[in-house]
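Visitor: mmCIF, C-alpha atoms, file upload-v7.cif:
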```cif
data_entry
#
loop_
_atom_site.label_atom_id
_atom_site.label_comp_id
_atom_site.auth_asym_id
_atom_site.auth_seq_id
_atom_site.Cartn_x
_atom_site.Cartn_y
_atom_site.Cartn_z
CA MET A 24 -2.31 1.70 16.38
CA LEU A 25 -2.16 3.74 13.19
CA ASP A 26 -5.65 5.08 13.88
CA ASN A 27 -5.05 8.40 12.13
CA SER A 28 -3.31 6.98 9.09
CA VAL A 29 -4.43 7.35 5.49
CA TRP A 30 -5.12 3.64 5.52
CA ARG A 31 -7.63 3.90 8.36
CA GLN A 32 -9.52 6.71 6.63
CA TYR A 33 -10.77 4.17 4.10
CA ASN A 34 -10.35 0.78 5.80
CA LYS A 35 -11.93 -0.36 9.05
CA GLU A 36 -9.00 -2.63 9.91
CA ASN A 37 -5.23 -2.40 9.59
CA ASN A 38 -5.18 -5.08 6.91
CA PHE A 39 -2.47 -3.41 4.83
CA ARG A 40 -0.12 -6.29 5.72
CA GLN A 41 -2.35 -8.72 3.80
CA MET A 42 -2.67 -6.32 0.87
CA ILE A 43 1.09 -5.79 0.65
CA ALA A 44 1.66 -9.56 0.74
CA ARG A 45 -0.96 -10.07 -1.95
CA PHE A 46 0.25 -7.42 -4.38
CA CYS A 47 3.98 -7.87 -3.76
CA LYS A 48 3.62 -11.64 -4.09
CA GLU A 49 5.36 -12.13 -0.74
CA ASN A 50 4.68 -14.58 2.04
CA ILE A 51 3.04 -12.68 4.88
CA ASP A 52 5.45 -14.28 7.36
CA THR A 53 8.47 -12.71 5.64
CA LEU A 54 7.15 -9.16 6.01
CA ILE A 55 8.33 -6.78 8.73
CA HIS A 56 6.56 -7.88 11.92
CA ASP A 57 5.96 -4.44 13.44
CA ASP A 58 2.93 -2.75 11.83
CA LYS A 59 4.30 0.75 12.42
CA ALA A 60 7.62 -0.08 10.77
CA LEU A 61 5.90 -1.82 7.86
CA TYR A 62 3.55 1.12 7.34
CA ALA A 63 6.52 3.52 7.50
CA VAL A 64 8.21 1.60 4.67
CA LEU A 65 4.97 1.66 2.70
CA LYS A 66 4.72 5.44 3.17
CA ALA A 67 8.36 5.89 2.17
CA LYS A 68 8.02 3.84 -1.01
CA LEU A 69 4.77 5.34 -2.29
CA THR A 70 3.86 8.93 -3.01
CA LYS A 71 1.00 10.40 -0.98
CA LYS A 72 -1.30 10.03 -3.96
CA GLU A 73 -0.27 6.42 -4.54
CA LEU A 74 -0.74 5.56 -0.86
CA ARG A 75 -4.19 7.10 -0.88
CA LEU A 76 -5.11 5.24 -4.07
CA PHE A 77 -3.81 1.98 -2.57
CA ALA A 78 -5.89 2.52 0.59
CA MET A 79 -9.02 3.47 -1.34
CA ASP A 80 -8.69 0.66 -3.88
CA SER A 81 -8.03 -1.88 -1.11
CA ALA A 82 -11.22 -0.69 0.60
CA GLN A 83 -12.96 -1.64 -2.65
CA LEU A 84 -14.44 1.78 -3.19
CA ASP A 85 -16.42 2.31 -6.37
CA SER A 86 -14.36 3.46 -9.34
CA ASN A 87 -16.56 6.58 -9.59
CA GLU A 88 -15.51 7.54 -6.06
CA LEU A 89 -11.85 7.00 -6.97
CA LYS A 90 -12.19 9.09 -10.12
CA ALA A 91 -13.91 11.89 -8.19
CA ALA A 92 -11.32 11.86 -5.40
CA PHE A 93 -8.39 12.17 -7.80
CA ASP A 94 -10.14 14.07 -10.60
CA TYR A 95 -9.37 11.23 -13.04
CA ASN A 96 -11.15 9.86 -16.04
CA ASP A 97 -11.34 6.10 -16.70
CA GLU A 98 -8.04 6.00 -18.57
CA ASP A 99 -6.15 8.02 -15.94
CA LEU A 100 -7.47 5.80 -13.15
CA ASP A 101 -6.43 2.64 -14.96
CA LYS A 102 -2.96 4.06 -15.65
CA SER A 103 -2.52 5.12 -12.02
CA LYS A 104 -3.57 1.72 -10.69
CA PHE A 105 -1.28 -0.03 -13.16
CA LYS A 106 1.65 2.18 -12.15
CA LEU A 107 0.94 1.67 -8.43
CA TYR A 108 0.74 -2.11 -8.56
CA LYS A 109 3.70 -2.33 -10.91
CA LYS A 110 5.72 -0.32 -8.39
CA LEU A 111 4.71 -2.66 -5.55
CA LYS A 112 5.94 -5.66 -7.56
CA GLN A 113 9.38 -4.17 -8.26
CA ASP A 114 12.22 -5.83 -6.38
CA LYS A 115 13.61 -2.57 -5.01
CA VAL A 116 10.24 -1.86 -3.34
CA ARG A 117 9.12 -5.40 -2.58
CA LEU A 118 12.33 -6.43 -0.83
CA ASP A 119 12.17 -3.45 1.56
CA PHE A 120 8.98 -4.91 3.05
CA ARG A 121 10.84 -8.02 4.20
CA ALA A 122 11.86 -8.36 7.82
CA SER A 123 15.41 -9.13 6.70
CA SER A 124 15.66 -5.58 5.24
CA LEU A 125 15.70 -4.09 8.74
CA ASP A 126 19.19 -3.50 10.03
CA TYR A 127 18.53 -3.81 13.74
CA SER A 128 18.45 -6.89 15.88
CA GLU A 129 15.31 -7.87 17.73
#
```
Translate this structure into C-alpha coordinates?
Guide:
Amino acid sequence: MLDNSVWRQYNKENNFRQMIARFCKENIDTLIHDDKALYAVLKAKLTKKELRLFAMDSAQLDSNELKAAFDYNDEDLDKSKFKLYKKLKQDKVRLDFRASSLDYSE
(Lines of atoms letter the chains of each structure in order from A and count residues from 1; the text may use other names and numbers.)
(Lines give C-alpha, C1' and ligand atoms only; values in the text may rest on other atoms or scores of the structure.)
Protein backbone atom coordinates (compact mmCIF):
# COMPACT_ATOMS: atom_id res chain seq x y z
CA MET A 1 0.00 0.00 0.00
CA LEU A 2 1.27 3.47 -0.88
CA ASP A 3 4.33 1.93 -2.53
CA ASN A 4 4.74 4.73 -5.07
CA SER A 5 4.18 7.59 -2.65
CA VAL A 6 6.63 10.38 -1.88
CA TRP A 7 6.92 8.91 1.58
CA ARG A 8 8.16 5.55 0.30
CA GLN A 9 10.81 7.20 -1.88
CA TYR A 10 12.71 8.09 1.29
CA ASN A 11 11.37 5.71 3.96
CA LYS A 12 11.48 1.93 3.90
CA GLU A 13 8.25 1.61 5.89
CA ASN A 14 4.93 3.43 5.95
CA ASN A 15 5.67 4.92 9.36
CA PHE A 16 4.12 8.30 8.59
CA ARG A 17 1.37 7.54 11.12
CA GLN A 18 3.95 7.55 13.94
CA MET A 19 5.57 10.73 12.61
CA ILE A 20 2.25 12.54 12.35
CA ALA A 21 1.36 11.50 15.91
CA ARG A 22 4.75 12.64 17.15
CA PHE A 23 4.80 16.05 15.49
CA CYS A 24 1.10 16.83 15.89
CA LYS A 25 1.22 15.78 19.53
CA GLU A 26 -1.71 13.41 18.99
CA ASN A 27 -2.37 9.96 20.37
CA ILE A 28 -1.77 7.47 17.56
CA ASP A 29 -5.09 5.76 18.38
CA THR A 30 -7.07 8.92 17.60
CA LEU A 31 -5.68 9.21 14.06
CA ILE A 32 -7.59 8.08 10.98
CA HIS A 33 -7.29 4.28 10.90
CA ASP A 34 -7.02 3.83 7.13
CA ASP A 35 -3.46 4.57 5.92
CA LYS A 36 -4.64 5.70 2.49
CA ALA A 37 -7.13 8.16 3.96
CA LEU A 38 -4.58 9.46 6.47
CA TYR A 39 -1.97 9.92 3.76
CA ALA A 40 -4.55 11.71 1.58
CA VAL A 41 -5.19 14.20 4.39
CA LEU A 42 -1.45 14.66 4.82
CA LYS A 43 -1.07 15.35 1.10
CA ALA A 44 -3.99 17.78 1.16
CA LYS A 45 -2.65 19.74 4.12
CA LEU A 46 0.97 20.06 2.97
CA THR A 47 2.40 21.47 -0.23
CA LYS A 48 4.38 19.06 -2.41
CA LYS A 49 7.60 20.62 -1.19
CA GLU A 50 6.56 20.37 2.46
CA LEU A 51 5.51 16.74 2.04
CA ARG A 52 8.83 15.90 0.44
CA LEU A 53 10.73 17.71 3.20
CA PHE A 54 8.67 15.88 5.85
CA ALA A 55 9.42 12.52 4.21
CA MET A 56 13.12 13.26 3.81
CA ASP A 57 13.54 14.69 7.29
CA SER A 58 11.65 11.75 8.82
CA ALA A 59 14.03 9.40 7.00
CA GLN A 60 16.80 11.23 8.88
CA LEU A 61 18.67 12.20 5.75
CA ASP A 62 21.74 14.35 6.20
CA SER A 63 21.09 18.08 6.18
CA ASN A 64 23.48 18.43 3.22
CA GLU A 65 21.26 16.09 1.21
CA LEU A 66 18.19 18.14 2.17
CA LYS A 67 19.90 21.39 1.22
CA ALA A 68 20.98 19.94 -2.14
CA ALA A 69 17.53 18.53 -2.90
CA PHE A 70 15.78 21.85 -2.28
CA ASP A 71 18.64 24.19 -3.24
CA TYR A 72 18.61 25.69 0.27
CA ASN A 73 21.27 27.16 2.47
CA ASP A 74 21.37 26.46 6.22
CA GLU A 75 19.04 29.33 7.08
CA ASP A 76 16.48 28.44 4.40
CA LEU A 77 16.42 24.81 5.52
CA ASP A 78 15.88 25.78 9.14
CA LYS A 79 13.08 28.18 8.18
CA SER A 80 11.38 25.56 6.02
CA LYS A 81 11.53 22.92 8.75
CA PHE A 82 10.22 25.39 11.32
CA LYS A 83 7.33 26.36 9.03
CA LEU A 84 6.51 22.70 8.27
CA TYR A 85 6.42 21.54 11.87
CA LYS A 86 4.58 24.66 12.98
CA LYS A 87 1.94 23.91 10.35
CA LEU A 88 1.57 20.32 11.59
CA LYS A 89 0.94 21.58 15.13
CA GLN A 90 -1.82 24.00 14.11
CA ASP A 91 -5.30 22.95 15.19
CA LYS A 92 -6.81 23.35 11.72
CA VAL A 93 -4.29 20.82 10.36
CA ARG A 94 -3.86 18.60 13.40
CA LEU A 95 -7.58 18.02 13.95
CA ASP A 96 -8.08 16.83 10.35
CA PHE A 97 -5.85 13.83 11.09
CA ARG A 98 -8.28 12.58 13.75
CA ALA A 99 -10.63 9.74 12.93
CA SER A 100 -13.53 11.86 14.18
CA SER A 101 -12.89 14.34 11.32
CA LEU A 102 -14.14 11.80 8.77
CA ASP A 103 -17.78 12.24 7.95
CA TYR A 104 -18.63 8.68 7.00
CA SER A 105 -19.65 5.82 9.22
CA GLU A 106 -17.56 2.69 9.39
Visitor: Please write the residues picked by the PyMOL selection byres ((chain A and resi 58) around 10) on this file as a ChimeraX atom specification.
Guide: /A:24-25,37-40,54-57,59-64
Visitor: Can you pull out every residue within 9 Å of A:Ala78, counting only C-alpha atoms, but drop anything in the same chain fewer than 2 positions away, and send it as a PyMOL selection string?
Guide: chain A and resi 29-34+39+73-76+80-83
Visitor: Could the residues in this selection be saved with C-alpha atoms as an mmCIF file, in the frame of the given file?
Guide:
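Below is the file result19.cif, written as the result:
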```cif
data_model
loop_
_atom_site.group_PDB
_atom_site.id
_atom_site.type_symbol
_atom_site.label_atom_id
_atom_site.label_comp_id
_atom_site.auth_asym_id
_atom_site.auth_seq_id
_atom_site.Cartn_x
_atom_site.Cartn_y
_atom_site.Cartn_z
ATOM 1 C CA VAL A 29 -4.430 7.350 5.490
ATOM 2 C CA TRP A 30 -5.120 3.640 5.520
ATOM 3 C CA ARG A 31 -7.630 3.900 8.360
ATOM 4 C CA GLN A 32 -9.520 6.710 6.630
ATOM 5 C CA TYR A 33 -10.770 4.170 4.100
ATOM 6 C CA ASN A 34 -10.350 0.780 5.800
ATOM 7 C CA PHE A 39 -2.470 -3.410 4.830
ATOM 8 C CA GLU A 73 -0.270 6.420 -4.540
ATOM 9 C CA LEU A 74 -0.740 5.560 -0.860
ATOM 10 C CA ARG A 75 -4.190 7.100 -0.880
ATOM 11 C CA LEU A 76 -5.110 5.240 -4.070
ATOM 12 C CA ASP A 80 -8.690 0.660 -3.880
ATOM 13 C CA SER A 81 -8.030 -1.880 -1.110
ATOM 14 C CA ALA A 82 -11.220 -0.690 0.600
ATOM 15 C CA GLN A 83 -12.960 -1.640 -2.650
#
```
Visitor: I need the output of the PyMOL selection byres ((chain A and resi 103) around 12) for this file as JSON, numbers by chain; which residues are they?
Guide: {"A": [70, 72, 73, 74, 75, 76, 77, 80, 89, 90, 93, 94, 95, 96, 97, 98, 99, 100, 101, 102, 104, 105, 106, 107, 108, 109, 110]}
Visitor: For a quick check of understanding, using all atoms listed in the file, which of A:Asp52, A:Leu65, A:Glu36, A:Phe46 has the smallest distance to A:Phe120?
Guide: A:Leu65
Visitor: Any idea what the distance is between atom CA of A:Gln41 and atom CA of A:Lys71?
Guide: 20.0 Å
Visitor: Which residue gives the smallest distance to A:Leu111 among A:Ser123, A:Ala44, A:Ser86, A:Ala92, with only C-alpha atoms counted?
Guide: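 Among the listed residues, the smallest separation from A:Leu111 belongs to A:Ala44.
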